[in-house]
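Presented below is the structure to which this report refers.
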Amino acid sequence: MIKGEIKPTWKPADYHNVAWNKRNPNNDNYTFDGNVGHEISNDVGSVFEQVAQGFTLDNTVVALNKMPVGQILPWHIDRYATYIERNKIERKKDIVRIIVFLEDSMPGHQLWIEDEFCYGKAGSYFGWNYDTKHMAANLGQTDQYTLQITGVKK
């Protein structure tokens, strides 16, 4: 597992005031289905592009995630089909996914990577390599906001 902390350079308006699209990661069409899923925005702005550059990954794709109260992403393994195709990735095992907490974790906000519960202050980040089992849920009282960075190890 990858983990650490960076100093937040963002403000709540940087991620609250974006266009959100609902999606379900288990459906290639990214439609929203009940309590499974989260909202995603590719409208990340320069502040989050700069955060992503600090991770020294190639072929970086950055997105904002909003997990409303009551939403879950059950245990799964990301397959990155679109990412692999668009970037012509040959070595899948070099793909890395990093999640940066944009706000302090609140009770009920959950991110699990394999058997480790990930919790922290704004700027805490956690990541995994291709083929790693993980899940997320928001069983709290406030929306959970994270930055998602996908890239390839240099």
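Ligands are numbered from 1 in the order shown, residues from 1 within each chain, and chains are lettered A, B, ... in the order they appear in the structure tokens.
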Which polymer residues have any atom within 10 Å of an atom of segment 137-140 of chain A, counting only C-alpha atoms, with same-chain residues fewer than 3 positions away left out, as a PDB file with C-alpha atoms, in the first residue's frame?
```
ATOM      1  CA  ASN A  35     -27.030   3.178  -3.167  1.00  0.00           C
ATOM      2  CA  VAL A  36     -24.157   1.722  -5.148  1.00  0.00           C
ATOM      3  CA  GLY A  37     -21.785   4.250  -6.605  1.00  0.00           C
ATOM      4  CA  HIS A  38     -20.500   7.759  -6.238  1.00  0.00           C
ATOM      5  CA  LYS A  66     -18.032  12.793  -4.153  1.00  0.00           C
ATOM      6  CA  MET A  67     -19.577  10.021  -2.099  1.00  0.00           C
ATOM      7  CA  PRO A  68     -22.951  11.115  -0.726  1.00  0.00           C
ATOM      8  CA  VAL A  69     -24.223   9.817   2.584  1.00  0.00           C
ATOM      9  CA  GLY A  70     -25.455   6.221   2.297  1.00  0.00           C
ATOM     10  CA  GLN A  71     -23.460   5.325  -0.810  1.00  0.00           C
ATOM     11  CA  ILE A  72     -21.211   2.285  -1.074  1.00  0.00           C
ATOM     12  CA  LEU A  73     -18.682   0.848  -3.499  1.00  0.00           C
ATOM     13  CA  PRO A  74     -18.542  -2.814  -2.498  1.00  0.00           C
ATOM     14  CA  SER A 105     -12.148  11.973   7.570  1.00  0.00           C
ATOM     15  CA  MET A 106     -15.391  11.993   9.482  1.00  0.00           C
ATOM     16  CA  PRO A 107     -16.992   9.113  11.384  1.00  0.00           C
ATOM     17  CA  GLY A 108     -18.553   6.781   8.833  1.00  0.00           C
ATOM     18  CA  HIS A 109     -16.298   7.733   5.909  1.00  0.00           C
ATOM     19  CA  GLN A 110     -14.614   4.517   4.865  1.00  0.00           C
ATOM     20  CA  LEU A 111     -11.862   3.455   2.507  1.00  0.00           C
ATOM     21  CA  TRP A 112     -10.476  -0.051   2.832  1.00  0.00           C
ATOM     22  CA  ASP A 143     -20.606  13.909   1.907  1.00  0.00           C
ATOM     23  CA  GLN A 144     -17.084  12.592   1.441  1.00  0.00           C
TER      24      GLN A 144
END
```
Excluding Thr60 of chain A and residues on its chain fewer than 6 positions from it, collect all residues at most 7 Å away from it, counting only C-alpha atoms, and give them as JSON, numbers by chain.
{"A": [149, 150, 151]}
Nearest residue to Ile89 of chain A out of A:Asn59, A:Gln148, A:Thr9, A:Gln141, using only C-alpha atoms?
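So, comparing all the options, the nearest one is A:Asn59.
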Selected residue of minimal separation from Phe117 of chain A among A:Ile99, A:Ala136, A:Ala52, A:Ala63, counting only C-alpha atoms
A:Ala136
Taking only segment 44-74 of chain A into account, list the residues labelled helix (DSSP H, G or I) by DSSP (computed from the backbone), as a ChimeraX atom specification.
/A:45-53
One-decimal distance in Å that lies between atom CA of Glu116 of chain A and atom CA of Asp131 of chain A:
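These atoms are spaced 15.7 Å apart.
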Excluding Val100 of chain A and residues on its chain fewer than 6 positions from it, collect all residues at most 6 Å away from it, counting only C-alpha atoms, and give them as a PDB file with C-alpha atoms, in the first residue's frame.
```pdb
ATOM      1  CA  SER A 124      -3.736  12.191   3.641  1.00  0.00           C
ATOM      2  CA  TYR A 125      -3.372   9.877   0.681  1.00  0.00           C
ATOM      3  CA  THR A 146     -11.613  12.751  -2.497  1.00  0.00           C
ATOM      4  CA  LEU A 147      -9.199  13.274  -5.357  1.00  0.00           C
TER       5      LEU A 147
END
```
